[in-house]
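Asker: Sharing a structure below in structure tokens format, with a few things to ask.
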Amino acid sequence: MALDDHEVLDVSDYPWLVRLQDAFQWLVTALHLDDDAGGAQGRRIVTCRRCGQRNRVAAVATGVPRCGKCHQALPWIAGAGDDEFADVAEQVSVPVLVDLWASWCGLSCMVRPVVQRLGAERAGEIKVVEVEVAAAPRMSRRFHVCGIPTLMVLRRGEVVARRYGEIQAPALRSWLDHALRDQAESTSDGGIALRTPSASDLAGARTTKGPGSGYASG
């Protein structure tokens with residue numbers, strides 16, 4: 001039955017619609033799609049995967065975010081532009097996985113959920129910083145971005161690994177593990193070793209050219 005502009009649909013009259021609505025809400029909650037991304041200098045609402053507590057996680061903080069209820073490490077994902085990048089991505093005690101992406105690039109939009117999943121898997125170990133290249137031209141020039149998506153692992157602002165265009169989760173997971181392991185070994189004596197992209201990093205890459213510890217949020 002058609003509804004006029006002022007009539008409200010009562011979903012209780014349609015059991016199948018109620019079930020569909022419940023299923024959709026379950027999916028949203030299970031995938032944490034209702035988490036509030038917030039701004040670069042704002043706070044992101046993150047649901048603890050252990051106890052279900054919703055926590056406000058700041059983009060800039062000392063240490064790593066932990067659940068205010070059970071103290072489980074929380075995924076740390078923040079956005080940054082040119083003006084915020086130094087605070088968000090460089091003043092961090094853990095390695096930072098930077099995702100340089102563009103809203104008009106389908107491939108980079110496909111990579112973002114994979115990167116966010118890696119950030120969730122390694123909560124407490126890394127921070128994920130998402131940089132929309134259109135809003136960060138200085139960062140694009142600084143890091144010589146010639147294709148997107150570009151992924152980098154930073155340690156205190158220094159690039160320790162770089163990869164282009166990969167969207168497969170197993171390959172990105174392996175690359176990230178390797179980069180973190182190399183970085184940990186290179187800094188065991190207190191130094192930072194820079195690594196240029198290897199042939200394996202670039203093999204098969206698909207690019208689209210174009211413009212403190214104990215920190216608990218609750």
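Here, A, B, ... name the chains of the structure tokens in the order displayed, residue numbers run from 1 inside each chain, and ligands are numbered from 1 in the same displayed order.
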Using DSSP secondary structure from the backbone, list all strand (DSSP E or B) positions within range 97-202 of chain A, as number ranges by chain.
Answerer: A: 97-101, 123, 126-132, 148, 150-155, 158-164
Asker: Quick one: residues within 9 Å of Cys70 in chain A, only C-alpha atoms, excluding same-chain residues fewer than 6 positions away - as JSON, numbers by chain?
Answerer: {"A": [48, 50, 51, 53]}
Asker: Dump N, CA, C and O atoms for the selected residues as a PDB file, in the first residue's frame?
Answerer:
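Contents of selection_17.pdb, as written:
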ATOM      1  N   CYS A  48      34.426  -2.064  22.291  1.00  0.00           N
ATOM      2  CA  CYS A  48      35.380  -3.089  22.717  1.00  0.00           C
ATOM      3  C   CYS A  48      34.898  -4.453  22.252  1.00  0.00           C
ATOM      4  O   CYS A  48      33.747  -4.838  22.510  1.00  0.00           O
ATOM      5  N   ARG A  50      35.862  -7.268  23.332  1.00  0.00           N
ATOM      6  CA  ARG A  50      35.830  -8.240  24.424  1.00  0.00           C
ATOM      7  C   ARG A  50      34.560  -8.103  25.260  1.00  0.00           C
ATOM      8  O   ARG A  50      33.871  -9.089  25.523  1.00  0.00           O
ATOM      9  N   CYS A  51      34.250  -6.875  25.706  1.00  0.00           N
ATOM     10  CA  CYS A  51      33.128  -6.707  26.643  1.00  0.00           C
ATOM     11  C   CYS A  51      31.965  -5.902  26.071  1.00  0.00           C
ATOM     12  O   CYS A  51      30.914  -5.814  26.704  1.00  0.00           O
ATOM     13  N   GLN A  53      31.797  -2.663  25.623  1.00  0.00           N
ATOM     14  CA  GLN A  53      31.771  -1.277  26.080  1.00  0.00           C
ATOM     15  C   GLN A  53      32.123  -0.330  24.938  1.00  0.00           C
ATOM     16  O   GLN A  53      33.045  -0.579  24.174  1.00  0.00           O
TER      17      GLN A  53
END
Asker: Which residue gives the smallest distance to Glu132 in chain A among A:Val153, A:Met110, A:Val115, A:Cys105, with only C-alpha atoms counted?
Answerer: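 Under the stated criterion, the closest residue is A:Cys105.
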Asker: Find the distance between CA of Arg43 in chain A and CA of Val159 in chain A and write it in Å to one decimal.
Answerer: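 Computing it gives 26.0 Å between the two atoms.
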Asker: Find the residues of range 72-178 of chain A that sit at most 12 Å from range 62-68 of chain A; for each, write down the nearest two atoms and how far apart they are in Å, to one decimal. Count only C-alpha atoms. Sort by chain, then by number going up, and give it as a Markdown table.
Answerer:
| residue | atom | partner | partner_atom | distance |
| --- | --- | --- | --- | --- |
| A:Gln72 | CA | A:Cys67 | CA | 5.2 |
| A:Ala73 | CA | A:Arg66 | CA | 4.3 |
| A:Leu74 | CA | A:Arg66 | CA | 5.2 |
| A:Pro75 | CA | A:Pro65 | CA | 7.6 |
| A:Trp76 | CA | A:Pro65 | CA | 6.8 |
| A:Ile77 | CA | A:Pro65 | CA | 10.3 |
| A:Asp87 | CA | A:Thr62 | CA | 10.9 |
| A:Val88 | CA | A:Thr62 | CA | 10.8 |
| A:Glu90 | CA | A:Thr62 | CA | 11.9 |
| A:Gln91 | CA | A:Thr62 | CA | 8.5 |
| A:Val92 | CA | A:Thr62 | CA | 7.3 |
| A:Ser93 | CA | A:Gly63 | CA | 6.3 |
| A:Val94 | CA | A:Val64 | CA | 8.0 |
| A:Pro95 | CA | A:Val64 | CA | 11.1 |
| A:Val96 | CA | A:Val64 | CA | 11.8 |
| A:Arg122 | CA | A:Val64 | CA | 11.6 |
| A:Ala123 | CA | A:Val64 | CA | 8.6 |
| A:Gly124 | CA | A:Val64 | CA | 5.9 |
| A:Glu125 | CA | A:Val64 | CA | 8.3 |
| A:Ile126 | CA | A:Val64 | CA | 8.7 |
| A:Lys127 | CA | A:Val64 | CA | 8.4 |
| A:Val128 | CA | A:Val64 | CA | 11.8 |
